[in-house]
>>> print(open('input-v3.txt').read())   # compact mmCIF, C-alpha atoms
# COMPACT_ATOMS: atom_id res chain seq x y z
CA MET N 1 95.82 46.87 -39.19
CA MET N 2 94.26 43.40 -39.01
CA GLN N 3 96.23 42.59 -35.86
CA LYS N 4 95.04 45.81 -34.23
CA TYR N 5 91.42 44.97 -35.13
CA LEU N 6 91.70 41.46 -33.70
CA LEU N 7 93.24 42.87 -30.51
CA LEU N 8 90.37 45.31 -30.02
CA LEU N 9 87.84 42.58 -30.71
CA SER N 10 89.38 40.25 -28.12
CA LEU N 11 89.39 43.02 -25.52
CA ALA N 12 85.70 43.73 -26.15
CA VAL N 13 84.77 40.06 -25.75
CA ALA N 14 86.81 39.76 -22.57
CA SER N 15 85.13 42.80 -21.06
CA GLN N 16 81.71 41.14 -21.36
CA SER N 17 82.74 38.42 -18.92
CA PHE N 18 83.45 41.02 -16.24
CA VAL N 19 80.06 42.74 -16.26
CA ILE N 20 78.95 43.22 -12.66
CA GLN N 21 75.70 41.39 -12.06
CA PRO N 22 73.14 42.58 -9.48
CA PRO N 23 73.27 40.60 -6.23
CA THR N 24 70.96 37.63 -5.98
CA LYS N 25 67.96 38.41 -3.80
CA VAL N 26 67.89 36.18 -0.73
CA THR N 27 64.58 35.64 1.04
CA SER N 28 65.07 36.22 4.74
CA ALA N 29 63.59 34.07 7.48
CA ALA N 30 61.33 36.99 8.37
CA ALA N 31 59.96 37.15 4.84
CA LEU N 32 59.27 33.44 4.86
CA PHE N 33 57.53 33.76 8.22
CA SER N 34 54.68 35.90 6.96
CA THR N 35 53.34 37.08 3.66
CA THR N 36 52.95 40.61 5.06
CA GLN N 37 55.86 40.74 7.47
CA SER N 38 56.24 44.25 8.86
CA ILE N 39 57.02 43.61 12.51
CA SER N 40 60.24 42.52 14.15
CA ASP N 41 61.29 38.89 14.20
CA ASN N 42 61.22 38.79 18.01
CA LEU N 43 57.64 39.99 18.24
CA ALA N 44 56.49 37.84 15.34
CA SER N 45 58.01 34.67 16.79
CA ALA N 46 56.49 35.40 20.20
CA LEU N 47 52.97 35.94 18.88
CA LYS N 48 53.03 33.22 16.26
CA LYS N 49 54.49 29.94 17.45
CA ALA N 50 56.25 27.74 14.93
CA SER N 51 54.54 24.77 16.64
CA LYS N 52 51.14 26.40 15.88
CA THR N 53 50.40 26.35 19.62
CA LEU N 54 48.41 29.36 20.75
CA ALA N 55 50.50 32.14 22.24
CA VAL N 56 49.00 33.60 25.43
CA VAL N 57 49.22 37.34 26.05
CA LEU N 58 48.12 38.80 29.39
CA GLU N 59 46.78 42.28 30.02
CA TYR N 60 47.76 44.11 33.19
CA ASP N 61 45.12 46.53 34.47
CA GLY N 62 46.26 47.07 38.03
CA PRO N 63 46.05 50.05 40.38
CA SER N 64 47.52 53.29 39.05
CA ASN N 65 49.46 53.83 42.28
CA ALA N 66 51.34 50.51 42.15
CA SER N 67 54.96 50.93 43.22
CA PRO N 68 57.86 50.23 40.82
CA GLY N 69 58.83 47.32 43.05
CA ASP N 70 55.37 45.75 42.82
CA LEU N 71 55.30 46.21 39.05
CA SER N 72 58.73 44.64 38.73
CA THR N 73 57.57 41.64 40.74
CA VAL N 74 54.46 41.20 38.59
CA SER N 75 56.58 41.41 35.44
CA MET N 76 58.95 38.72 36.69
CA GLN N 77 56.18 36.41 37.86
CA LEU N 78 54.23 36.63 34.59
CA ARG N 79 57.38 35.84 32.61
CA LYS N 80 57.98 32.76 34.73
CA CYS N 81 54.36 31.71 34.10
CA ASN N 82 55.34 31.56 30.39
CA ALA N 83 53.27 34.51 29.21
CA VAL N 84 54.56 35.35 25.73
CA ALA N 85 53.86 39.09 26.03
CA LEU N 86 52.46 41.65 28.47
CA VAL N 87 49.91 44.28 27.52
CA THR N 88 48.96 47.42 29.41
CA SER N 89 47.49 50.88 28.87
CA ASP N 90 49.37 52.20 31.92
CA LEU N 91 52.54 53.94 30.74
CA ALA N 92 54.25 53.68 34.14
CA ALA N 93 53.55 49.95 34.22
CA ALA N 94 54.79 49.57 30.65
CA ALA N 95 58.05 51.33 31.49
CA ALA N 96 58.55 49.20 34.62
CA PHE N 97 57.84 46.02 32.66
CA VAL N 98 60.33 46.98 29.92
CA GLU N 99 63.02 47.62 32.51
CA GLU N 100 62.40 44.37 34.40
CA GLN N 101 62.07 42.19 31.30
CA ALA N 102 65.45 43.44 30.10
CA THR N 103 67.05 41.79 33.14
CA ALA N 104 66.04 38.37 31.75
CA LYS N 105 68.09 38.74 28.58
CA GLY N 106 70.14 35.59 28.07
CA ASN N 107 68.06 33.62 30.56
CA PHE N 108 65.22 31.14 30.18
CA PRO N 109 62.50 32.14 29.91
CA GLY N 110 63.76 35.21 28.13
CA PRO N 111 62.25 38.70 28.11
CA CYS N 112 58.58 39.09 27.21
CA PRO N 113 57.64 41.77 24.69
CA VAL N 114 55.74 44.65 26.30
CA ILE N 115 52.81 46.00 24.28
CA TYR N 116 51.18 49.36 25.00
CA THR N 117 47.52 50.16 24.37
CA GLY N 118 47.22 53.67 25.83
CA ASP N 119 47.16 57.13 24.25
CA ASP N 120 50.69 58.34 24.99
CA LEU N 121 52.35 56.69 22.01
CA GLU N 122 55.37 58.99 22.10
CA GLY N 123 55.95 58.19 25.76
CA ALA N 124 55.59 54.48 25.07
CA VAL N 125 58.19 54.61 22.31
CA LYS N 126 60.58 56.46 24.63
CA ALA N 127 59.97 53.82 27.30
CA GLY N 128 61.11 51.17 24.86
CA VAL N 129 57.95 49.11 24.42
CA SER N 130 58.06 46.33 21.84
CA ALA N 131 54.83 47.39 20.13
CA VAL N 132 51.75 49.57 20.36
CA ILE N 133 48.19 48.67 19.48
CA VAL N 134 46.48 51.28 17.31
CA GLU N 135 43.21 51.63 15.45
CA GLY N 136 43.33 50.84 11.75
CA ASN N 137 46.41 51.62 9.68
CA LYS N 138 48.02 54.28 11.87
CA VAL N 139 51.81 54.57 11.54
CA VAL N 140 53.98 54.92 14.66
CA ASP N 141 57.70 55.49 14.23
CA GLY N 142 60.16 53.78 16.54
CA THR N 143 58.28 50.63 17.45
CA ASP N 144 56.22 47.80 16.00
CA VAL N 145 52.52 48.32 15.39
CA ILE N 146 49.62 45.92 15.90
CA CYS N 147 46.55 47.09 14.03
CA LYS N 148 43.16 46.73 15.72
CA VAL N 149 40.49 46.02 13.12
CA SER N 150 36.74 45.76 13.69
CA SER N 151 35.40 44.95 10.22
CA PRO N 152 36.41 42.98 7.11
CA ALA N 153 36.86 46.28 5.25
CA GLU N 154 39.32 47.54 7.86
CA ALA N 155 41.22 44.25 7.73
CA GLU N 156 41.55 44.54 3.96
CA ALA N 157 42.67 48.16 4.16
CA VAL N 158 45.43 47.57 6.72
CA SER N 159 48.84 46.69 5.29
CA GLY N 160 50.60 45.62 8.48
CA GLY N 161 51.64 42.13 9.46
CA ALA N 162 49.99 42.00 12.92
CA TYR N 163 46.30 42.39 13.72
CA LEU N 164 44.07 42.49 16.80
CA VAL N 165 40.43 41.40 16.62
CA ASP N 166 37.67 41.19 19.20
CA ALA N 167 36.81 37.55 19.77
CA ASP N 168 33.27 38.53 20.78
CA SER N 169 32.54 40.47 17.58
CA GLU N 170 29.58 39.11 15.65
CA SER N 171 31.62 39.36 12.45
CA VAL N 172 34.84 37.88 13.82
CA GLN N 173 34.87 35.05 11.28
CA GLU N 174 34.49 37.45 8.38
CA ILE N 175 37.20 39.72 9.80
CA LEU N 176 39.62 36.82 10.19
CA ALA N 177 38.88 35.66 6.66
CA ALA N 178 39.82 39.13 5.36
CA ILE N 179 43.21 39.16 7.09
CA PRO N 180 46.08 38.06 4.80
CA THR N 181 47.20 34.48 5.26
CA GLY N 182 50.37 34.19 7.31
CA SER N 183 49.74 37.26 9.45
CA VAL N 184 50.17 37.48 13.19
CA VAL N 185 46.62 37.58 14.59
CA LEU N 186 45.66 38.30 18.20
CA ALA N 187 42.12 37.79 19.44
CA SER N 188 41.11 39.55 22.64
CA MET N 189 38.64 38.02 25.09
CA LYS N 190 37.63 38.49 28.70
CA ALA N 191 39.62 36.71 31.39
CA MET N 192 38.03 34.39 33.98
CA GLN N 193 35.02 33.40 31.92
CA ASN N 194 32.25 31.22 33.33
CA ASP N 195 33.11 27.52 33.13
CA ASN N 196 36.49 28.56 31.69
CA THR N 197 35.02 28.86 28.22
CA GLU N 198 38.13 30.77 27.13
CA PHE N 199 39.75 27.35 26.56
CA GLN N 200 37.21 26.07 24.05
CA ARG N 201 36.88 29.47 22.42
CA GLY N 202 40.64 29.64 22.05
CA LYS N 203 40.68 26.34 20.19
CA GLU N 204 37.94 27.52 17.85
CA LEU N 205 39.78 30.76 17.09
CA ARG N 206 43.02 28.91 16.43
CA GLU N 207 41.24 26.89 13.73
CA LEU N 208 40.16 30.21 12.17
CA GLY N 209 43.73 31.48 11.93
CA VAL N 210 44.26 33.21 15.29
CA THR N 211 47.85 32.86 16.52
CA ALA N 212 47.59 34.46 19.97
CA ILE N 213 44.96 35.02 22.63
CA LEU N 214 44.94 38.28 24.60
CA LEU N 215 43.22 37.85 27.97
CA GLU N 216 41.72 41.20 28.94
CA LYS N 217 42.28 42.26 32.56
CA ALA N 218 43.91 38.95 33.36
CA CYS N 219 46.00 40.70 36.01
CA VAL N 220 44.54 43.43 38.20
CA GLY N 221 46.94 43.46 41.13
CA ASP N 222 45.17 40.98 43.38
CA ALA N 223 46.11 37.63 44.91
CA GLU N 224 44.67 35.65 41.99
CA ASP N 225 46.83 37.16 39.25
CA ILE N 226 49.56 34.53 39.14
CA LEU N 227 47.25 31.62 39.90
CA TYR N 228 44.99 32.56 36.99
CA ALA N 229 47.93 33.30 34.69
CA THR N 230 49.37 29.83 35.26
CA PHE N 231 45.97 28.20 34.93
CA VAL N 232 44.93 29.91 31.70
CA ILE N 233 48.33 29.54 30.00
CA ASN N 234 48.32 25.82 30.74
CA GLY N 235 44.73 25.52 29.55
CA LEU N 236 45.30 27.28 26.25
CA THR N 237 48.64 25.70 25.38
CA LYS N 238 48.30 22.10 26.51
CA LYS N 239 46.73 19.52 24.24
CA LYS N 240 44.58 18.17 27.06
CA SER N 241 42.61 21.07 28.49
CA SER N 242 39.93 19.23 30.47
CA THR N 243 42.22 18.87 33.48
CA PHE N 244 45.21 20.84 34.63
CA ASN N 245 47.88 20.08 37.18
CA MET N 246 47.76 22.80 39.81
CA SER N 247 50.27 21.19 42.20
CA GLY N 248 52.42 23.63 44.08
CA LEU N 249 50.01 26.55 43.69
CA THR N 250 48.16 28.08 46.60
CA GLY N 251 44.53 28.61 45.76
CA SER N 252 42.52 28.84 48.94
CA THR N 253 40.17 31.35 47.36
CA ASN N 254 39.23 28.82 44.70
CA GLY N 255 39.34 25.66 46.76
CA HIS N 256 42.44 24.38 44.96
CA PHE N 257 45.14 23.25 47.37
CA GLY N 258 47.31 21.41 44.87
CA GLY N 259 46.39 18.35 42.85
CA VAL N 260 44.09 18.52 39.84
CA ALA N 261 41.53 21.20 39.09
CA THR N 262 38.93 20.64 36.42
CA SER N 263 38.12 23.29 33.85
CA MET N 264 34.41 22.99 34.66
CA SER N 265 34.62 23.77 38.37
CA THR N 266 36.90 26.77 38.66
CA THR N 267 35.20 29.85 40.08
CA TRP N 268 37.35 32.86 40.78
CA LEU N 269 36.87 35.03 43.84
CA ARG N 270 37.43 38.10 41.70
CA VAL N 271 34.43 37.15 39.58
CA LYS N 272 32.29 36.45 42.63
CA ARG N 273 33.10 39.85 44.09
CA SER N 274 32.33 41.58 40.81
CA SER N 275 28.99 39.77 40.48
CA SER N 276 27.94 40.55 44.06
CA SER N 277 28.69 44.25 43.61
CA GLU N 278 26.42 44.60 40.56
>>> encode(input="input-v3.txt", output="structure tokens")
Amino acid sequence: MMQKYLLLLSLAVASQSFVIQPPTKVTSAAALFSTTQSISDNLASALKKASKTLAVVLEYDGPSNASPGDLSTVSMQLRKCNAVALVTSDLAAAAAFVEEQATAKGNFPGPCPVIYTGDDLEGAVKAGVSAVIVEGNKVVDGTDVICKVSSPAEAEAVSGGAYLVDADSESVQEILAAIPTGSVVLASMKAMQNDNTEFQRGKELRELGVTAILLEKACVGDAEDILYATFVINGLTKKKSSTFNMSGLTGSTNGHFGGVATSMSTTWLRVKRSSSSE
């Protein structure tokens, strides 16, 4: 009887050593990247540089009748200018951009994320866009979401990991302060500002926690699209922004025929035309 008892006791002790333990939780790189990570790694890394350099996002607001070939060319050129992402409210343009950017997979520079700002969210998801920009905390299945917030209260209420703010809002500092630390934060501002003030403003916003600048209507389908894209990307990403090397670019409309252009003297023909028509 004693031997049987000892045998049962030894079996019970041995069984304790084989208890299956729950797997150890491993923190992913995505979780380390942001305290509120809820967007894909690809989009997060594009809009928030590890080097803390500002990411530059360009909005396309070209003619609605642009051909697929023209849109494909614009997409390719903007990628080669080192835009980190393309934004548009035109669904046809978004679809063309997605298709063209996919051809750059495995190349350098690689594909740019395409972000949609229009109303046809279902169509955008079907087109394969990387993300959509929506008001507040709206949920969209099938793609990443960037939440546009216009007040500190909205910023606190949103639970996503990517936010869009208006750089010209009077309460922009308070809004940025309300956004969780570590988030992806885009600030939108007008393209082609007088005296190129987008450069200095970009630096100020970066100090406030902004990770990417969205230049509104940077590309409208005219001859200055690529020239401006190259100019503004260099200006916002280079440490020295007072002068920029414009060699190799044709800029007869601006008086730049190669060489160095200063950030205080650039006047864009597009702006002149707009001012004269008012």
>>> closest_residue(input="input-v3.txt", among="N:Ile115, N:Ala229, N:Met76, N:Val149", to="Ala102 of chain N", atoms="all atoms listed in the file")
N:Met76
>>> residues_around(input="input-v3.txt", residues="Met192 of chain N", least_positions_apart="3", cutoff="8 Å", atoms="only C-alpha atoms", output="NGL selection string")
:N and (196 or 198 or 218 or 228 or 268 or 271)
>>> residues_around(input="input-v3.txt", residues="Thr53 of chain N", least_positions_apart="6", cutoff="10 Å", atoms="all atoms listed in the file", output="ChimeraX atom specification")
/N:47,203,206,211-212,236-239
>>> write_last_selection(input="input-v3.txt", atoms="C-alpha atoms", output="mmCIF file, in the frame of the given file")
data_model
loop_
_atom_site.group_PDB
_atom_site.id
_atom_site.type_symbol
_atom_site.label_atom_id
_atom_site.label_comp_id
_atom_site.auth_asym_id
_atom_site.auth_seq_id
_atom_site.Cartn_x
_atom_site.Cartn_y
_atom_site.Cartn_z
ATOM 1 C CA LEU N 47 52.970 35.940 18.880
ATOM 2 C CA LYS N 203 40.680 26.340 20.190
ATOM 3 C CA ARG N 206 43.020 28.910 16.430
ATOM 4 C CA THR N 211 47.850 32.860 16.520
ATOM 5 C CA ALA N 212 47.590 34.460 19.970
ATOM 6 C CA LEU N 236 45.300 27.280 26.250
ATOM 7 C CA THR N 237 48.640 25.700 25.380
ATOM 8 C CA LYS N 238 48.300 22.100 26.510
ATOM 9 C CA LYS N 239 46.730 19.520 24.240
#
>>> closest_residue(input="input-v3.txt", among="N:Ser75, N:Thr88, N:Ser130, N:Ser275", to="Glu100 of chain N", atoms="all atoms listed in the file")
N:Ser75
>>> residues_around(input="input-v3.txt", residues="Glu156 of chain N", least_positions_apart="6", cutoff="8 Å", atoms="only C-alpha atoms", output="number ranges by chain")
N: 178-180
>>> residues_around(input="input-v3.txt", residues="Ala55 of chain N", least_positions_apart="5", cutoff="12 Å", atoms="only C-alpha atoms", output="PDB file with C-alpha atoms, in the frame of the given file")
ATOM      1  CA  LEU N  43      57.640  39.990  18.240  1.00  0.00           C
ATOM      2  CA  ALA N  44      56.490  37.840  15.340  1.00  0.00           C
ATOM      3  CA  SER N  45      58.010  34.670  16.790  1.00  0.00           C
ATOM      4  CA  ALA N  46      56.490  35.400  20.200  1.00  0.00           C
ATOM      5  CA  LEU N  47      52.970  35.940  18.880  1.00  0.00           C
ATOM      6  CA  LYS N  48      53.030  33.220  16.260  1.00  0.00           C
ATOM      7  CA  LYS N  49      54.490  29.940  17.450  1.00  0.00           C
ATOM      8  CA  ALA N  50      56.250  27.740  14.930  1.00  0.00           C
ATOM      9  CA  ASN N  82      55.340  31.560  30.390  1.00  0.00           C
ATOM     10  CA  ALA N  83      53.270  34.510  29.210  1.00  0.00           C
ATOM     11  CA  VAL N  84      54.560  35.350  25.730  1.00  0.00           C
ATOM     12  CA  ALA N  85      53.860  39.090  26.030  1.00  0.00           C
ATOM     13  CA  LEU N  86      52.460  41.650  28.470  1.00  0.00           C
ATOM     14  CA  CYS N 112      58.580  39.090  27.210  1.00  0.00           C
ATOM     15  CA  VAL N 184      50.170  37.480  13.190  1.00  0.00           C
ATOM     16  CA  VAL N 185      46.620  37.580  14.590  1.00  0.00           C
ATOM     17  CA  LEU N 186      45.660  38.300  18.200  1.00  0.00           C
ATOM     18  CA  ALA N 187      42.120  37.790  19.440  1.00  0.00           C
ATOM     19  CA  SER N 188      41.110  39.550  22.640  1.00  0.00           C
ATOM     20  CA  GLY N 202      40.640  29.640  22.050  1.00  0.00           C
ATOM     21  CA  LYS N 203      40.680  26.340  20.190  1.00  0.00           C
ATOM     22  CA  LEU N 205      39.780  30.760  17.090  1.00  0.00           C
ATOM     23  CA  ARG N 206      43.020  28.910  16.430  1.00  0.00           C
ATOM     24  CA  VAL N 210      44.260  33.210  15.290  1.00  0.00           C
ATOM     25  CA  THR N 211      47.850  32.860  16.520  1.00  0.00           C
ATOM     26  CA  ALA N 212      47.590  34.460  19.970  1.00  0.00           C
ATOM     27  CA  ILE N 213      44.960  35.020  22.630  1.00  0.00           C
ATOM     28  CA  LEU N 214      44.940  38.280  24.600  1.00  0.00           C
ATOM     29  CA  LEU N 215      43.220  37.850  27.970  1.00  0.00           C
ATOM     30  CA  VAL N 232      44.930  29.910  31.700  1.00  0.00           C
ATOM     31  CA  ILE N 233      48.330  29.540  30.000  1.00  0.00           C
ATOM     32  CA  ASN N 234      48.320  25.820  30.740  1.00  0.00           C
ATOM     33  CA  GLY N 235      44.730  25.520  29.550  1.00  0.00           C
ATOM     34  CA  LEU N 236      45.300  27.280  26.250  1.00  0.00           C
ATOM     35  CA  THR N 237      48.640  25.700  25.380  1.00  0.00           C
ATOM     36  CA  LYS N 238      48.300  22.100  26.510  1.00  0.00           C
TER      37      LYS N 238
END
>>> closest_residue(input="input-v3.txt", among="N:Ile39, N:Leu71, N:Leu164, N:Ala191", to="Leu176 of chain N", atoms="only C-alpha atoms")
N:Leu164
>>> axis_aligned_box(input="input-v3.txt", around="segment 127-144 of chain N", padding_each_side="8 Å", output="JSON")
{"center_x": 52.2, "center_y": 50.9, "center_z": 18.5, "size_x": 33.9, "size_y": 25.2, "size_z": 33.6}
>>> atom_distance(input="input-v3.txt", atom1="atom CA of Thr230 of chain N", atom2="atom CA of Val57 of chain N")
11.9 Å
>>> atom_distance(input="input-v3.txt", atom1="atom CA of Ser159 of chain N", atom2="atom CA of Ala94 of chain N")
26.2 Å
>>> residues_around(input="input-v3.txt", residues="Gly118 of chain N", least_positions_apart="4", cutoff="9 Å", atoms="all atoms listed in the file", output="number ranges by chain")
N: 88-91, 124, 132-134
>>> atom_distance(input="input-v3.txt", atom1="atom CA of Gly160 of chain N", atom2="atom CA of Pro109 of chain N")
28.0 Å
>>> closest_residue(input="input-v3.txt", among="N:Thr143, N:Gln193, N:Asn107, N:Gln101", to="Arg270 of chain N", atoms="all atoms listed in the file")
N:Gln193
>>> closest_residue(input="input-v3.txt", among="N:Gln77, N:Gly106, N:Pro68, N:Pro111", to="Ala92 of chain N", atoms="only C-alpha atoms")
N:Pro68
>>> closest_residue(input="input-v3.txt", among="N:Pro113, N:Gly62, N:Gly161, N:Gly221", to="Phe97 of chain N", atoms="all atoms listed in the file")
N:Pro113
